[in-house]
$ cat model_30.cif   # mmCIF, C-alpha atoms
data_my_file
#
loop_
_atom_site.label_atom_id
_atom_site.label_comp_id
_atom_site.auth_asym_id
_atom_site.auth_seq_id
_atom_site.Cartn_x
_atom_site.Cartn_y
_atom_site.Cartn_z
CA MET A 986 -4.44 8.67 28.59
CA SER A 987 -2.19 11.72 28.66
CA ARG A 988 -4.93 14.30 28.80
CA HIS A 989 -8.16 14.64 30.76
CA VAL A 990 -10.44 15.50 27.84
CA ALA A 991 -10.82 12.78 25.21
CA ILE A 992 -12.11 13.32 21.68
CA VAL A 993 -14.58 11.01 19.93
CA THR A 994 -15.83 11.40 16.38
CA ASP A 995 -17.33 9.00 13.83
CA SER A 996 -15.98 7.16 10.81
CA THR A 997 -17.22 9.81 8.35
CA ALA A 998 -14.51 12.22 9.54
CA TYR A 999 -12.09 10.28 7.28
CA LEU A 1000 -9.07 11.29 9.31
CA PRO A 1001 -5.82 9.51 8.40
CA PRO A 1002 -5.24 6.62 10.87
CA ARG A 1003 -1.83 7.95 11.90
CA THR A 1004 -3.34 11.35 12.67
CA MET A 1005 -6.02 9.77 14.85
CA GLU A 1006 -3.45 7.69 16.69
CA ARG A 1007 -1.15 10.66 17.24
CA HIS A 1008 -3.94 12.75 18.74
CA GLY A 1009 -5.75 9.94 20.54
CA ILE A 1010 -9.00 10.45 18.61
CA THR A 1011 -11.55 7.61 18.67
CA ALA A 1012 -13.86 7.09 15.68
CA VAL A 1013 -17.14 5.19 16.09
CA PRO A 1014 -18.02 3.42 12.83
CA LEU A 1015 -21.19 3.88 10.83
CA THR A 1016 -22.52 0.92 8.86
CA VAL A 1017 -23.06 0.29 5.16
CA VAL A 1018 -25.78 -2.21 4.31
CA LEU A 1019 -24.90 -3.92 1.03
CA GLY A 1020 -27.62 -6.32 0.01
CA ASP A 1021 -28.20 -8.37 3.17
CA GLN A 1022 -24.78 -7.62 4.68
CA ALA A 1023 -24.20 -4.95 7.35
CA LEU A 1024 -20.56 -3.84 7.13
CA GLU A 1025 -18.68 -1.40 9.36
CA GLU A 1026 -17.16 1.52 7.52
CA GLY A 1027 -13.39 1.57 7.55
CA THR A 1028 -12.84 -2.07 8.53
CA GLU A 1029 -15.33 -4.29 6.71
CA ILE A 1030 -15.99 -2.42 3.45
CA SER A 1031 -13.68 -0.32 1.31
CA ALA A 1032 -14.59 2.69 -0.79
CA ARG A 1033 -13.54 0.77 -3.90
CA SER A 1034 -15.87 -2.15 -3.10
CA LEU A 1035 -18.66 0.33 -2.50
CA ALA A 1036 -18.03 2.06 -5.83
CA GLN A 1037 -18.15 -1.27 -7.66
CA ALA A 1038 -21.45 -2.14 -5.97
CA LEU A 1039 -22.95 1.20 -6.95
CA GLN A 1040 -21.79 0.82 -10.55
CA LYS A 1041 -23.56 -2.55 -10.63
CA ARG A 1042 -26.66 -0.85 -9.17
CA ARG A 1043 -26.71 -3.12 -6.13
CA PRO A 1044 -28.93 -1.83 -3.29
CA VAL A 1045 -26.87 0.15 -0.77
CA THR A 1046 -28.07 1.90 2.38
CA THR A 1047 -26.33 3.30 5.45
CA SER A 1048 -27.02 3.06 9.18
CA ARG A 1049 -25.98 5.02 12.27
CA PRO A 1050 -24.12 3.46 15.20
CA SER A 1051 -26.43 2.32 17.99
CA PRO A 1052 -26.55 4.18 21.32
CA GLU A 1053 -25.13 1.01 22.88
CA VAL A 1054 -21.99 1.28 20.73
CA PHE A 1055 -21.49 4.86 21.85
CA ALA A 1056 -22.15 3.92 25.48
CA GLU A 1057 -19.47 1.21 25.36
CA THR A 1058 -17.03 3.63 23.71
CA TYR A 1059 -17.60 6.24 26.41
CA ARG A 1060 -17.18 3.62 29.16
CA GLU A 1061 -13.89 2.39 27.75
CA ILE A 1062 -12.52 5.92 27.41
CA ALA A 1063 -13.54 6.78 30.98
CA GLU A 1064 -11.89 3.61 32.25
CA SER A 1065 -8.67 4.63 30.50
CA GLY A 1066 -8.49 7.78 32.61
CA ALA A 1067 -10.40 10.53 30.82
CA THR A 1068 -12.48 12.82 33.01
CA GLY A 1069 -14.48 14.32 30.14
CA ILE A 1070 -15.32 13.56 26.51
CA VAL A 1071 -16.10 15.74 23.51
CA SER A 1072 -18.07 13.73 20.93
CA LEU A 1073 -18.11 15.41 17.50
CA HIS A 1074 -20.30 14.10 14.69
CA LEU A 1075 -21.46 14.57 11.15
CA SER A 1076 -24.44 16.78 10.40
CA SER A 1077 -27.70 15.55 11.91
CA GLU A 1078 -29.27 16.42 8.54
CA PHE A 1079 -27.44 13.39 7.09
CA SER A 1080 -27.64 10.82 9.87
CA GLY A 1081 -29.04 9.91 13.27
CA THR A 1082 -25.49 9.48 14.60
CA TYR A 1083 -25.69 12.65 16.68
CA ASP A 1084 -28.98 11.53 18.27
CA ALA A 1085 -27.51 8.12 19.15
CA ALA A 1086 -24.52 9.81 20.81
CA VAL A 1087 -26.81 12.11 22.80
CA LEU A 1088 -28.77 9.14 24.14
CA ALA A 1089 -25.58 7.36 25.20
CA ALA A 1090 -24.09 10.48 26.79
CA ARG A 1091 -26.92 10.72 29.34
CA ASP A 1092 -25.66 7.69 31.28
CA ALA A 1093 -21.94 8.00 30.59
CA PRO A 1094 -19.63 7.67 33.62
CA VAL A 1095 -17.94 11.01 32.82
CA PRO A 1096 -19.34 14.25 31.35
CA VAL A 1097 -19.83 14.00 27.58
CA ARG A 1098 -20.48 17.00 25.35
CA VAL A 1099 -22.03 15.88 22.06
CA VAL A 1100 -21.70 18.34 19.17
CA ASP A 1101 -23.55 18.36 15.85
CA THR A 1102 -20.81 19.99 13.79
CA GLY A 1103 -22.98 20.38 10.70
CA MET A 1104 -19.97 19.02 8.82
CA VAL A 1105 -18.97 15.81 7.04
CA ALA A 1106 -15.77 14.16 5.76
CA MET A 1107 -12.60 16.14 6.52
CA ALA A 1108 -14.75 19.17 7.32
CA LEU A 1109 -15.64 17.10 10.38
CA GLY A 1110 -12.09 15.77 10.63
CA PHE A 1111 -10.61 19.26 10.92
CA CYS A 1112 -13.07 20.03 13.74
CA ALA A 1113 -11.94 16.90 15.60
CA LEU A 1114 -8.30 17.89 15.13
CA ALA A 1115 -8.92 21.39 16.47
CA SER A 1116 -10.69 19.97 19.51
CA ALA A 1117 -7.92 17.44 20.14
CA GLU A 1118 -5.25 20.12 19.92
CA ALA A 1119 -7.13 22.26 22.43
CA ALA A 1120 -7.38 19.30 24.80
CA GLU A 1121 -3.69 18.46 24.36
CA ALA A 1122 -2.84 22.03 25.36
CA GLY A 1123 -4.63 21.45 28.67
CA GLY A 1124 -7.97 22.91 27.66
CA THR A 1125 -11.19 22.17 29.49
CA ILE A 1126 -14.08 20.30 27.94
CA ASP A 1127 -15.73 23.67 27.16
CA GLU A 1128 -12.56 24.94 25.50
CA ALA A 1129 -12.28 21.79 23.40
CA VAL A 1130 -15.91 22.23 22.27
CA THR A 1131 -15.32 25.90 21.46
CA ALA A 1132 -12.26 25.03 19.36
CA ALA A 1133 -14.32 22.58 17.29
CA GLU A 1134 -17.21 25.01 16.86
CA LYS A 1135 -14.85 27.80 15.80
CA ARG A 1136 -13.23 25.54 13.22
CA ALA A 1137 -16.63 24.46 11.91
CA ALA A 1138 -17.79 28.07 11.56
CA GLY A 1139 -14.88 28.89 9.25
CA THR A 1140 -14.87 25.68 7.21
CA SER A 1141 -16.41 25.29 3.76
CA ALA A 1142 -16.97 22.17 1.68
CA TYR A 1143 -17.65 21.95 -2.05
CA PHE A 1144 -18.46 18.90 -4.16
CA TYR A 1145 -18.62 17.87 -7.78
CA VAL A 1146 -20.67 14.77 -8.63
CA ASP A 1147 -21.24 13.12 -11.98
CA THR A 1148 -24.95 12.79 -11.21
CA LEU A 1149 -27.39 13.90 -8.53
CA ASP A 1150 -29.20 10.56 -8.71
CA TYR A 1151 -27.42 8.98 -5.72
CA LEU A 1152 -28.09 12.01 -3.52
CA ARG A 1153 -31.73 11.98 -4.61
CA ARG A 1154 -32.12 8.27 -3.82
CA GLY A 1155 -30.73 8.78 -0.33
CA GLY A 1156 -32.90 11.82 0.33
CA ARG A 1157 -29.86 14.11 0.69
CA ILE A 1158 -30.98 16.52 -2.01
CA GLY A 1159 -34.43 17.49 -3.21
CA ALA A 1160 -35.99 15.55 -6.05
CA ALA A 1161 -36.77 18.80 -7.87
CA GLN A 1162 -33.10 19.85 -7.84
CA ALA A 1163 -32.01 16.41 -9.00
CA LEU A 1164 -34.56 16.42 -11.82
CA LEU A 1165 -33.45 19.88 -12.93
CA GLY A 1166 -29.86 18.67 -13.20
CA SER A 1167 -30.86 15.63 -15.24
CA ALA A 1168 -33.21 17.55 -17.52
CA LEU A 1169 -30.58 20.12 -18.43
CA ALA A 1170 -27.78 17.54 -18.73
CA VAL A 1171 -25.58 19.69 -16.51
CA LYS A 1172 -22.77 18.79 -14.13
CA PRO A 1173 -23.67 19.96 -10.63
CA LEU A 1174 -21.45 21.74 -8.12
CA LEU A 1175 -22.69 21.42 -4.55
CA GLN A 1176 -21.87 23.03 -1.23
CA LEU A 1177 -22.40 22.23 2.42
CA ASN A 1178 -24.65 24.89 3.94
CA ASP A 1179 -26.21 24.80 7.42
CA GLY A 1180 -25.53 21.07 7.60
CA ARG A 1181 -27.25 20.32 4.29
CA ILE A 1182 -26.00 19.67 0.76
CA GLU A 1183 -27.27 22.34 -1.62
CA LEU A 1184 -26.89 22.95 -5.33
CA LEU A 1185 -24.35 25.75 -5.82
CA GLU A 1186 -23.92 26.03 -9.58
CA LYS A 1187 -24.77 24.14 -12.76
CA VAL A 1188 -21.97 23.72 -15.31
CA ARG A 1189 -22.23 22.18 -18.75
CA THR A 1190 -19.31 19.73 -18.76
CA ALA A 1191 -17.28 17.78 -16.23
CA SER A 1192 -14.03 19.54 -17.15
CA LYS A 1193 -15.59 22.97 -16.78
CA ALA A 1194 -17.21 21.96 -13.49
CA ILE A 1195 -13.89 20.81 -12.03
CA ALA A 1196 -12.16 23.98 -13.26
CA ARG A 1197 -14.89 26.02 -11.60
CA LEU A 1198 -14.51 24.00 -8.38
CA GLU A 1199 -10.82 24.91 -8.38
CA GLU A 1200 -11.64 28.60 -8.85
CA ILE A 1201 -14.17 28.59 -6.00
CA VAL A 1202 -11.70 26.94 -3.63
CA ALA A 1203 -8.87 29.31 -4.55
CA GLU A 1204 -11.14 32.32 -4.00
CA ARG A 1205 -12.38 30.95 -0.68
CA ALA A 1206 -8.86 30.18 0.52
CA GLY A 1207 -7.44 33.63 -0.19
CA SER A 1208 -4.04 34.18 1.42
CA ALA A 1209 -4.89 33.07 4.98
CA GLN A 1210 -3.17 30.05 6.56
CA ILE A 1211 -5.43 27.24 5.56
CA ASP A 1212 -5.83 23.46 5.50
CA ILE A 1213 -7.38 21.75 2.49
CA ALA A 1214 -8.65 18.21 1.94
CA VAL A 1215 -9.38 16.78 -1.50
CA HIS A 1216 -11.72 13.78 -1.47
CA HIS A 1217 -12.77 11.51 -4.32
CA LEU A 1218 -14.58 8.26 -5.02
CA ALA A 1219 -13.09 6.10 -7.78
CA ALA A 1220 -11.45 9.20 -9.30
CA PRO A 1221 -7.84 9.24 -8.05
CA GLU A 1222 -6.36 10.93 -11.12
CA ARG A 1223 -8.85 13.80 -10.91
CA ALA A 1224 -8.13 14.25 -7.22
CA SER A 1225 -4.34 14.18 -7.62
CA ALA A 1226 -4.41 16.67 -10.49
CA LEU A 1227 -6.69 19.04 -8.60
CA ALA A 1228 -4.50 18.83 -5.49
CA ASP A 1229 -1.42 19.71 -7.54
CA ARG A 1230 -3.13 22.76 -9.01
CA LEU A 1231 -4.32 23.92 -5.59
CA ARG A 1232 -0.80 23.63 -4.18
CA ALA A 1233 0.29 26.10 -6.83
CA ARG A 1234 -2.67 28.46 -6.40
CA VAL A 1235 -3.15 28.72 -2.61
CA PRO A 1236 -0.33 30.81 -1.04
CA GLY A 1237 -1.35 30.19 2.57
CA LEU A 1238 -1.66 26.42 2.27
CA ALA A 1239 -0.55 24.65 5.46
CA ASP A 1240 -1.66 21.01 5.08
CA LEU A 1241 -3.25 19.32 2.10
CA HIS A 1242 -4.85 15.89 2.48
CA VAL A 1243 -5.85 13.76 -0.53
CA SER A 1244 -7.98 10.69 0.16
CA GLU A 1245 -10.72 8.49 -1.18
CA ILE A 1246 -14.03 9.16 0.53
CA GLY A 1247 -15.37 6.42 2.78
CA ALA A 1248 -18.19 4.04 1.98
CA VAL A 1249 -20.92 5.83 3.97
CA ILE A 1250 -20.63 9.18 2.18
CA GLY A 1251 -19.74 7.48 -1.09
CA ALA A 1252 -23.02 5.57 -0.98
CA HIS A 1253 -24.85 8.89 -1.27
CA THR A 1254 -22.64 10.63 -3.84
CA GLY A 1255 -21.70 7.85 -6.24
CA PRO A 1256 -18.48 7.19 -8.18
CA GLY A 1257 -16.83 10.24 -9.73
CA LEU A 1258 -17.20 12.42 -6.64
CA LEU A 1259 -14.61 15.16 -6.23
CA GLY A 1260 -14.85 17.16 -3.03
CA VAL A 1261 -12.76 19.90 -1.48
CA VAL A 1262 -12.81 21.04 2.15
CA VAL A 1263 -11.34 24.48 2.93
CA SER A 1264 -10.60 25.07 6.60
CA PRO A 1265 -8.79 28.18 7.92
CA ARG A 1266 -6.66 27.59 11.00
#
$ encode --input "model_30.cif" --output "structure tokens"
Amino acid sequence: MSRHVAIVTDSTAYLPPRTMERHGITAVPLTVVLGDQALEEGTEISARSLAQALQKRRPVTTSRPSPEVFAETYREIAESGATGIVSLHLSSEFSGTYDAAVLAARDAPVPVRVVDTGMVAMALGFCALASAEAAEAGGTIDEAVTAAEKRAAGTSAYFYVDTLDYLRRGGRIGAAQALLGSALAVKPLLQLNDGRIELLEKVRTASKAIARLEEIVAERAGSAQIDIAVHHLAAPERASALADRLRARVPGLADLHVSEIGAVIGAHTGPGLLGVVVSPR
């Protein structure tokens, strides 16, 4: 390993594989339980298979990695030459992944700093990238943690979903908010706030909701140098069109990633998801 501080995250960061390889980032997989099958995200179940299962109303749940999986990951990284590890994970409001990493870190052969980023998807991915870049520049474990926390503090994430029902079923949004959306037949816009998904606005139609999502992102981006990620689940045309419009509207755009969301987050949002992460450099 070319640097002393190694970076670990989890599969919900949804970083492109080439990016992870280039920066030496390790992702520990979460699990999707589909019927009686436990499948690792990223290798054993695709987002498209997950979307089809949801559309057929098959039972789908998700599960954190075990502390033993984290412990083995930390051991392997230490054996490869790292003298410290920064382990960055999705919001503890969504998953017990952070808690499992903390348990494993106690007995790791090298110091491990576990961070609850309060983020998810590429909001988490951008934090892992910032931490990796700090480590590559020769930064200490504390400096790599600080880089991730600084990136998290400036990052925003916004989501459009066709229905709040999947979030309600998974306990990721309050039943009262979900019922309100259904009763009014509105299309919800959501935001990530303090590690939780909250209802941001209610819009009458899908087209108006997506247009409003674009406006919010453009306003949030301003003219600063900024990275953006557009996520979707079973909605590639929507995502591609939105990405094209954002390229034209955001003057300080540095990198723009477009990708289908993974199975773990998709299980809680449902098909039709359109999400945008805005992350100043």
$ closest_residue --input "model_30.cif" --among "A:Arg1049, A:His989, A:Arg1266, A:Lys1187" --to "Cys1112 in chain A" --atoms "all atoms listed in the file"
A:Arg1266
$ resolve_selection --input "model_30.cif" --expression "the PyMOL selection byres ((chain A and resi 1222-1231) around 8)" --output "list of chain:residue names"
A:Glu1199, A:Ala1203, A:Val1215, A:His1216, A:His1217, A:Ala1220, A:Pro1221, A:Arg1232, A:Ala1233, A:Arg1234, A:Val1235, A:Leu1241, A:Val1243, A:Leu1259
$ residues_around --input "model_30.cif" --residues "range 1133-1142 of chain A" --least-positions-apart "6" --cutoff "7 Å" --atoms "all atoms listed in the file" --output "list in words"
Thr1102, Ala1108, Cys1112, Ala1113, Ala1115, Ser1116, Gln1176, Leu1177, Val1261, Val1262, Val1263, Ser1264 and Pro1265 of chain A
$ residues_around --input "model_30.cif" --residues "range 1070-1078 of chain A" --least-positions-apart "6" --cutoff "6 Å" --atoms "only C-alpha atoms" --output "list in words"
Val990, Ala991, Ile992, Val993, Thr994, Asp995, Val1097, Arg1098, Val1099, Val1100, Asp1101, Thr1102, Gly1103, Met1104, Val1105 and Gly1180 of chain A
$ closest_residue --input "model_30.cif" --among "A:Tyr1145, A:Tyr1151, A:Tyr999, A:Phe1055" --to "Arg1091 in chain A" --atoms "only C-alpha atoms"
A:Phe1055
